[in-house]
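One file, structure.txt, carrying compact mmCIF, C-alpha atoms and all ligand atoms:
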# COMPACT_ATOMS: atom_id res chain seq x y z
CA MET A 15 126.97 174.97 14.39
CA LYS A 16 124.81 173.62 17.20
CA PRO A 17 126.24 173.68 20.74
CA ILE A 18 127.66 170.37 21.95
CA LEU A 19 125.99 168.44 24.74
CA ILE A 20 127.60 165.47 26.45
CA SER A 21 126.79 163.02 29.21
CA GLY A 22 127.69 159.53 30.35
CA ILE A 23 126.45 156.71 32.53
CA GLN A 24 128.66 154.15 34.24
CA PRO A 25 128.28 150.46 33.36
CA THR A 26 128.04 149.27 36.95
CA GLY A 27 125.09 146.90 36.84
CA ARG A 28 121.42 147.41 36.31
CA LEU A 29 120.07 150.90 35.63
CA HIS A 30 117.23 152.11 37.80
CA LEU A 31 114.42 154.66 37.79
CA GLY A 32 116.78 157.31 39.24
CA ASN A 33 119.04 156.93 36.21
CA TYR A 34 115.99 157.10 33.95
CA LEU A 35 114.33 160.19 35.44
CA GLY A 36 117.57 161.95 36.44
CA ALA A 37 119.39 161.26 33.20
CA LEU A 38 118.13 159.05 30.35
CA LYS A 39 114.68 160.57 29.88
CA ASN A 40 116.24 164.01 29.80
CA PHE A 41 118.91 162.88 27.31
CA VAL A 42 116.21 161.78 24.89
CA GLU A 43 114.19 164.98 25.21
CA LEU A 44 117.31 167.08 24.62
CA GLN A 45 118.30 164.96 21.64
CA ASN A 46 114.83 165.29 20.13
CA SER A 47 114.72 169.06 20.64
CA GLY A 48 117.18 169.22 17.72
CA LYS A 49 118.99 172.09 19.43
CA TYR A 50 122.22 170.28 20.28
CA GLN A 51 124.88 168.08 18.83
CA CYS A 52 124.68 165.23 21.35
CA TYR A 53 127.29 162.78 22.61
CA PHE A 54 126.24 160.02 25.03
CA PHE A 55 128.89 157.66 26.26
CA ILE A 56 129.37 154.71 28.57
CA ALA A 57 131.76 155.70 31.36
CA ASP A 58 133.63 152.40 31.65
CA TYR A 59 136.86 153.95 32.97
CA HIS A 60 134.91 155.59 35.78
CA SER A 61 133.28 152.28 36.62
CA LEU A 62 136.64 150.65 37.44
CA THR A 63 136.73 152.65 40.68
CA ILE A 64 134.26 150.29 42.35
CA ASP A 65 134.71 146.54 42.69
CA PHE A 66 133.83 144.69 39.48
CA SER A 67 134.16 141.42 37.61
CA PRO A 68 136.06 141.66 34.29
CA LYS A 69 133.83 138.88 32.94
CA GLN A 70 130.74 141.02 33.58
CA LYS A 71 132.16 144.31 32.34
CA GLU A 72 131.54 143.75 28.64
CA LYS A 73 127.96 142.70 29.35
CA GLU A 74 127.43 145.75 31.56
CA ILE A 75 128.75 148.05 28.83
CA LEU A 76 126.40 146.56 26.26
CA ALA A 77 123.53 146.75 28.76
CA VAL A 78 123.97 150.53 29.03
CA ALA A 79 124.10 150.77 25.22
CA GLN A 80 120.88 148.73 25.12
CA SER A 81 119.23 151.05 27.66
CA TYR A 82 120.28 154.11 25.68
CA LEU A 83 118.51 152.71 22.63
CA ALA A 84 115.47 151.50 24.60
CA ALA A 85 115.08 154.97 26.15
CA GLY A 86 115.04 156.49 22.65
CA ILE A 87 118.58 157.65 21.98
CA ASP A 88 118.94 157.39 18.24
CA PRO A 89 122.41 156.68 16.77
CA LYS A 90 121.38 158.66 13.69
CA LYS A 91 120.90 161.77 15.80
CA SER A 92 123.44 161.29 18.63
CA VAL A 93 126.96 159.92 18.92
CA ILE A 94 127.02 156.88 21.25
CA PHE A 95 130.42 155.52 22.27
CA VAL A 96 132.49 153.89 25.01
CA GLN A 97 134.75 156.19 27.04
CA SER A 98 137.82 153.91 27.02
CA GLN A 99 137.77 153.74 23.21
CA ALA A 100 138.89 157.38 23.17
CA PRO A 101 141.51 157.29 25.96
CA GLU A 102 142.59 160.89 25.34
CA SER A 103 140.32 161.76 28.27
CA THR A 104 142.76 160.00 30.61
CA GLU A 105 145.60 162.03 29.12
CA LEU A 106 143.71 165.23 29.77
CA THR A 107 142.94 163.98 33.30
CA TRP A 108 146.66 164.04 34.02
CA ILE A 109 147.03 167.54 32.62
CA LEU A 110 144.08 168.78 34.68
CA SER A 111 145.50 167.14 37.82
CA THR A 112 148.49 169.47 37.58
CA ILE A 113 146.24 172.51 38.12
CA THR A 114 144.04 170.95 40.84
CA PRO A 115 144.80 171.32 44.56
CA PRO A 116 144.25 167.90 46.26
CA GLY A 117 141.84 169.43 48.78
CA GLU A 118 139.37 170.17 45.94
CA LEU A 119 139.01 166.43 45.35
CA ASN A 120 139.01 165.12 48.93
CA ARG A 121 136.05 167.27 49.87
CA MET A 122 133.75 165.90 47.13
CA THR A 123 130.53 164.46 48.57
CA GLN A 124 130.48 161.53 46.18
CA PHE A 125 134.05 160.56 47.12
CA LYS A 126 133.16 160.64 50.81
CA ASP A 127 129.99 158.58 50.22
CA LYS A 128 131.73 155.97 48.11
CA ALA A 129 134.65 155.70 50.52
CA GLN A 130 132.19 155.19 53.35
CA ASN A 131 130.16 152.59 51.41
CA ASP A 132 133.19 150.43 50.67
CA PRO A 133 136.02 151.20 53.10
CA ASN A 134 138.02 148.25 51.77
CA ASN A 135 138.26 149.72 48.31
CA ILE A 136 139.24 153.36 48.71
CA ASN A 137 141.45 154.00 45.69
CA MET A 138 143.01 156.98 43.92
CA GLY A 139 140.54 156.55 41.06
CA LEU A 140 137.74 157.47 43.45
CA VAL A 141 139.64 160.62 44.35
CA THR A 142 140.51 161.67 40.79
CA TYR A 143 137.10 160.60 39.43
CA PRO A 144 135.89 164.22 38.98
CA LEU A 145 139.03 165.06 36.98
CA LEU A 146 138.27 162.31 34.47
CA MET A 147 134.71 163.61 34.32
CA ALA A 148 135.97 167.16 33.70
CA ALA A 149 138.26 165.81 30.97
CA ASP A 150 135.32 163.95 29.35
CA ILE A 151 133.44 167.20 29.12
CA LEU A 152 136.20 169.67 28.21
CA LEU A 153 137.73 167.43 25.54
CA TYR A 154 134.49 167.51 23.56
CA ASP A 155 134.03 171.31 23.83
CA ALA A 156 130.68 170.59 25.45
CA LYS A 157 128.62 173.57 26.50
CA PHE A 158 125.83 171.55 28.13
CA VAL A 159 125.88 168.54 30.44
CA PRO A 160 122.61 166.88 31.49
CA VAL A 161 123.04 165.11 34.85
CA GLY A 162 121.23 164.42 38.11
CA ASP A 163 121.95 166.79 40.99
CA ASP A 164 124.45 164.39 42.57
CA GLN A 165 126.86 165.42 39.79
CA LEU A 166 126.58 169.19 40.19
CA GLN A 167 129.62 169.43 42.46
CA HIS A 168 131.71 167.64 39.82
CA LEU A 169 130.43 169.93 37.13
CA GLU A 170 131.36 172.97 39.18
CA LEU A 171 134.92 171.63 39.34
CA ALA A 172 134.95 171.19 35.54
CA ARG A 173 133.96 174.85 35.20
CA THR A 174 136.62 175.98 37.65
CA LEU A 175 139.30 173.99 35.83
CA ALA A 176 138.26 175.30 32.42
CA ARG A 177 138.54 178.85 33.75
CA LYS A 178 141.86 178.20 35.44
CA PHE A 179 143.39 176.55 32.38
CA ASN A 180 142.14 179.34 30.12
CA ASN A 181 143.61 182.00 32.42
CA LYS A 182 146.95 180.27 32.58
CA PHE A 183 147.40 179.04 29.02
CA GLY A 184 144.97 181.03 26.86
CA LYS A 185 141.36 180.37 25.84
CA THR A 186 141.07 176.64 25.19
CA PHE A 187 138.00 175.29 26.95
CA ILE A 188 134.31 176.13 27.13
CA GLU A 189 132.86 176.45 30.66
CA PRO A 190 130.16 173.77 30.67
CA GLN A 191 126.68 174.27 32.14
CA ALA A 192 124.55 171.60 33.81
CA ILE A 193 121.08 170.83 32.54
CA LEU A 194 119.10 169.36 35.43
CA ALA A 195 116.20 167.00 34.85
CA LYS A 196 112.85 168.01 36.37
CA THR A 197 113.22 165.12 38.82
CA ALA A 198 116.89 165.59 39.53
CA ARG A 199 116.81 163.32 42.57
CA VAL A 200 114.67 160.20 42.86
CA MET A 201 114.65 158.89 46.42
CA SER A 202 114.81 155.29 47.59
CA LEU A 203 111.38 153.63 47.91
CA ASP A 204 112.14 152.22 51.33
CA ASN A 205 114.10 155.17 52.68
CA PRO A 206 113.06 158.53 51.26
CA GLN A 207 115.97 160.24 53.05
CA LYS A 208 118.42 158.51 50.69
CA LYS A 209 118.67 158.76 46.93
CA MET A 210 117.61 155.73 44.90
CA SER A 211 120.77 153.77 44.28
CA LYS A 212 121.74 150.25 43.40
CA THR A 213 123.58 150.03 46.71
CA LEU A 214 120.11 149.94 48.32
CA PRO A 215 118.48 147.36 45.99
CA SER A 216 115.27 146.91 48.00
CA GLY A 217 114.31 150.56 47.48
CA CYS A 218 115.35 150.58 43.86
CA LEU A 219 113.12 150.12 40.82
CA PHE A 220 115.33 148.62 38.14
CA LEU A 221 114.46 149.35 34.52
CA ASP A 222 114.33 145.61 33.76
CA ASP A 223 112.30 144.61 36.84
CA SER A 224 109.35 142.37 36.02
CA GLU A 225 105.81 143.69 36.30
CA LYS A 226 105.36 141.64 39.45
CA GLU A 227 108.50 143.08 41.06
CA ILE A 228 107.44 146.63 40.21
CA MET A 229 103.95 146.11 41.66
CA GLN A 230 105.37 144.56 44.79
CA LYS A 231 108.06 147.21 45.36
CA ILE A 232 105.60 150.07 44.93
CA LYS A 233 103.03 148.44 47.21
CA SER A 234 105.62 148.16 49.96
CA ALA A 235 107.15 151.63 49.37
CA VAL A 236 107.34 153.67 52.57
CA THR A 237 104.51 156.15 52.88
CA ASP A 238 103.94 158.55 55.69
CA SER A 239 101.38 158.85 58.44
CA GLY A 240 97.97 160.17 57.49
CA SER A 241 96.10 159.13 54.39
CA GLU A 242 95.90 162.29 52.31
CA ILE A 243 97.59 162.31 48.89
CA LYS A 244 99.39 165.62 49.22
CA TYR A 245 102.86 166.75 48.13
CA ASP A 246 104.80 167.80 51.25
CA GLU A 247 108.51 167.06 51.09
CA LYS A 248 109.11 167.84 54.74
CA ASN A 249 106.27 165.96 56.42
CA LYS A 250 105.52 163.39 53.71
CA PRO A 251 108.85 162.65 52.01
CA GLY A 252 107.89 159.09 50.96
CA LEU A 253 104.61 160.08 49.37
CA SER A 254 106.15 163.19 47.78
CA ASN A 255 108.77 161.03 46.09
CA LEU A 256 106.05 158.75 44.69
CA LEU A 257 104.05 161.77 43.51
CA SER A 258 107.10 163.17 41.67
CA ILE A 259 107.71 159.83 39.99
CA TYR A 260 104.05 159.58 38.98
CA SER A 261 103.98 163.16 37.72
CA GLU A 262 107.17 162.85 35.70
CA LEU A 263 106.26 159.52 34.09
CA SER A 264 102.68 160.47 33.28
CA GLU A 265 103.58 164.07 32.38
CA ARG A 266 100.76 165.32 34.59
CA PRO A 267 101.37 168.10 37.12
CA VAL A 268 101.47 167.07 40.80
CA MET A 269 98.49 169.34 41.53
CA GLU A 270 96.36 167.49 39.03
CA LEU A 271 97.29 164.18 40.69
CA GLU A 272 96.45 165.55 44.13
CA LYS A 273 93.00 166.47 42.80
CA LYS A 274 92.53 163.06 41.16
CA TYR A 275 93.28 161.26 44.44
CA TYR A 276 91.47 163.66 46.75
CA GLY A 277 89.62 161.58 49.36
CA LYS A 278 91.17 158.35 48.09
CA GLY A 279 93.66 156.19 49.95
CA TYR A 280 97.30 155.27 49.43
CA GLY A 281 96.29 151.81 48.10
CA GLU A 282 94.52 153.05 44.99
CA PHE A 283 97.22 155.65 44.35
CA LYS A 284 99.95 153.02 44.54
CA THR A 285 98.14 150.56 42.26
CA ASP A 286 97.76 153.26 39.61
CA LEU A 287 101.37 154.38 40.03
CA ALA A 288 102.61 150.80 39.56
CA LYS A 289 100.66 150.64 36.28
CA VAL A 290 102.18 153.91 35.11
CA VAL A 291 105.69 152.66 35.92
CA VAL A 292 105.15 149.31 34.17
CA ASN A 293 103.84 151.11 31.12
CA SER A 294 106.70 153.63 31.01
CA LEU A 295 109.36 150.94 31.28
CA LYS A 296 107.88 148.66 28.60
CA SER A 297 110.51 149.47 26.00
CA PHE A 298 113.25 148.29 28.37
CA HIS A 299 111.67 144.82 28.32
CA ILE A 300 110.77 144.59 24.66
CA LEU A 301 113.87 145.89 22.91
CA ASN A 302 116.67 143.41 22.70
CA HIS A 303 119.42 144.18 20.24
CA GLN A 304 122.04 141.62 19.33
CA PRO A 305 125.53 142.34 20.74
CA SER A 306 126.84 142.59 17.16
CA ILE A 307 124.40 145.44 16.41
CA LEU A 308 125.27 147.23 19.64
CA ASN A 309 128.99 146.88 18.91
CA ALA A 310 128.53 148.24 15.39
CA ILE A 311 126.72 151.30 16.78
CA LEU A 312 129.44 151.87 19.39
CA ASN A 313 132.20 151.55 16.81
CA SER A 314 130.63 154.00 14.47
CA GLY A 315 130.15 156.45 17.37
CA PHE A 316 133.73 155.96 18.44
CA LYS A 317 135.02 157.02 15.02
CA LYS A 318 133.13 160.31 15.26
CA ALA A 319 134.28 160.89 18.84
CA LYS A 320 137.87 160.10 17.95
CA LYS A 321 138.00 162.85 15.32
CA GLN A 322 136.93 165.43 17.88
CA VAL A 323 139.34 164.35 20.62
CA VAL A 324 142.41 164.05 18.40
CA ALA A 325 141.93 167.62 17.15
CA LYS A 326 141.31 168.93 20.68
CA MET A 327 144.35 167.15 22.16
CA LYS A 328 146.51 168.78 19.49
CA GLU A 329 145.22 172.20 20.50
CA ILE A 330 145.76 171.47 24.23
CA LYS A 331 149.31 170.24 23.72
CA SER A 332 150.24 173.22 21.62
CA LYS A 333 148.93 175.55 24.38
CA LEU A 334 151.18 173.73 26.86
CA GLY A 335 154.24 173.84 24.61
CA LEU A 336 154.33 170.05 24.30
CA PRO A 337 155.43 168.32 21.08
CA GLN A 338 152.77 166.97 18.70
CA VAL A 339 152.78 163.29 17.89
CA SER A 340 154.12 162.92 14.37
CA GLY A 341 153.85 160.04 11.92
P1 LIG B 401 125.70 156.65 37.33
O1 LIG B 401 125.01 155.37 37.19
O2 LIG B 401 126.20 156.93 38.69
O3 LIG B 401 126.73 156.84 36.24
O4 LIG B 401 124.59 157.78 37.10
C1 LIG B 401 124.10 158.09 35.83
C2 LIG B 401 123.21 159.29 35.86
O5 LIG B 401 122.05 159.01 36.64
C3 LIG B 401 123.83 160.55 36.45
O6 LIG B 401 123.45 161.65 35.64
C4 LIG B 401 123.19 160.68 37.80
O7 LIG B 401 123.08 162.02 38.21
C5 LIG B 401 121.82 160.06 37.58
N1 LIG B 401 121.27 159.48 38.81
C6 LIG B 401 121.75 158.42 39.53
N2 LIG B 401 120.98 158.16 40.61
C7 LIG B 401 119.97 159.08 40.60
C8 LIG B 401 118.83 159.35 41.43
N3 LIG B 401 118.54 158.60 42.51
N4 LIG B 401 118.02 160.38 41.09
C9 LIG B 401 118.27 161.13 39.99
N5 LIG B 401 119.32 160.94 39.16
C10 LIG B 401 120.16 159.93 39.44
N1 LIG B 402 130.22 160.78 36.86
C1 LIG B 402 128.99 160.51 36.18
C2 LIG B 402 128.08 159.68 37.10
O1 LIG B 402 128.52 159.05 38.02
C3 LIG B 402 129.23 159.79 34.88
C4 LIG B 402 130.07 160.63 33.99
C5 LIG B 402 131.37 160.42 33.66
C6 LIG B 402 129.67 161.82 33.30
N2 LIG B 402 131.82 161.38 32.83
C7 LIG B 402 130.82 162.26 32.59
C8 LIG B 402 128.49 162.54 33.23
C9 LIG B 402 130.80 163.44 31.79
C10 LIG B 402 128.47 163.70 32.44
C11 LIG B 402 129.61 164.14 31.72
O2 LIG B 402 126.92 159.67 36.88

In structure tokens, what does this structure look like?
Amino acid sequence: MKPILISGIQPTGRLHLGNYLGALKNFVELQNSGKYQCYFFIADYHSLTIDFSPKQKEKEILAVAQSYLAAGIDPKKSVIFVQSQAPESTELTWILSTITPPGELNRMTQFKDKAQNDPNNINMGLVTYPLLMAADILLYDAKFVPVGDDQLQHLELARTLARKFNNKFGKTFIEPQAILAKTARVMSLDNPQKKMSKTLPSGCLFLDDSEKEIMQKIKSAVTDSGSEIKYDEKNKPGLSNLLSIYSELSERPVMELEKKYYGKGYGEFKTDLAKVVVNSLKSFHILNHQPSILNAILNSGFKKAKKQVVAKMKEIKSKLGLPQVSG
């Protein structure tokens, strides 16, 4: 049997180029390698930890499903489902919380960032977020987890918990490994010290931005002093970020791009980059599945996911000496 690979994206609004290069593009390449049995889900339970409108939630869930398909995730090859449809992960979250010291969760960088970004909405879900993520992974016996580098700390916790549970209750879980995308961190266009994120919309290239918006955002992207097109993260962080984006989308090495633009200015480089971005994101504009089709895909994925989690929960409960649900 092929090893299992799992990952999820939260339905929290529009997806951006960071999600594409740090996650989606990698998901598709891994799926198409044929080496894994892939599960890709929509992390709707995770998304409740930040302020949201219930009216928008369903649309946001379908928008992630739409982006999965537009990026090239194929429901014939991968299981696509919604996290809350298989709520066993929340049950396992509780179990994992009983072997987690609180200090392990309070020190998480993402928790600190999110708490700082919205001090009026610091909730327990933000604290226990990595436990639900660990449960998502361990419940599916996943060996591989493709994510951007902002999730590595959470993945390390999932590994620690798998080990701890196995030591205490007998071998039950696989210790998952991260698979990092080549561009594991896309930086904001107007502040290359920060990662691209929807909380900084002006520096964010959204996958459904119009051609005009893309052109305009790239033209006004922060570049550094000097005029040479040269990759130098320390002295030219803005330009280096643009070069990585260009390289990853065009599948041309950075060195080749440096040669191509030798002696040329930022203007020409940016115009070409904007064209590359527009071209790469075309499928996100063209594809438009009906909600009924998206729902049918999600339901069929859910049935496959459900089989896996019901069997795994049985195994976990028996390890803990808990009664099985009968009837
Ligand atoms: P989220 O929308 O927070 O659920 O993130 C979905 C995926 O996108 C995760 O695998 C993140 O690691 C990845 N991701 C988010 N922002 C960035 C970024 N700026 N650069 C690279 N990857 C990112
Ligand atoms: N926490 C991830 C993020 O913010 C989303 C996520 C939830 C996830 N559960 C997961 C990713 C399990 C990989 C595996 O991006």

Neighbours of ligand LIG 401 (chain B) within 10 Å, counting all atoms listed in the file, as a ChimeraX atom specification? /A:21-38,40-41,56-58,60-61,78,124,159-166,193-202,208-212,218

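Closest approach to Lys328 in chain A among A:Met269, A:Pro68, A:Ser258, A:Ser340: A:Ser340, based on all atoms listed in the file.
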
Within 10 Å of Leu257 in chain A, counting only C-alpha atoms, which residues qualify if same-chain residues fewer than 2 places away don't, as a ChimeraX atom specification? /A:243-246,251-255,259-263,267-269,271-272,283-284,287

Padded axis-aligned box of range 297-301 of chain A (6 Å per side), centre and edge lengths, Å, one decimal, as AutoDock Vina command-line options:
--center_x 112.2 --center_y 147.0 --center_z 25.6 --size_x 15.4 --size_y 16.9 --size_z 17.5

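Atom pair CA of Gly184 in chain A / CA of Phe54 in chain A: separated by 28.2 Å.
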
Identify, on the basis of all atoms listed in the file, every residue whose closest approach to range 107-117 of chain A does not exceed 6 Å; exclude the query and any residue fewer than 4 positions from it along the same chain; express the result as a compact mmCIF listing (two decimals) with C-alpha atoms, in the frame of the given file.
# COMPACT_ATOMS: atom_id res chain seq x y z
CA LEU A 145 139.03 165.06 36.98
CA LEU A 146 138.27 162.31 34.47
CA ALA A 149 138.26 165.81 30.97

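For the residues A:Gly315, A:Pro101, A:Pro206, A:Gly139, ranking by smallest atom-to-atom distance to Cys52 in chain A using only C-alpha atoms places A:Gly315 first.
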
Between CA of Ile307 in chain A and CA of Asp222 in chain A, what is the distance, to one decimal in Å? 20.1 Å

Would you work out the distance separating CA of Leu83 in chain A from CA of Val96 in chain A, expressed in Å to one decimal? 14.2 Å
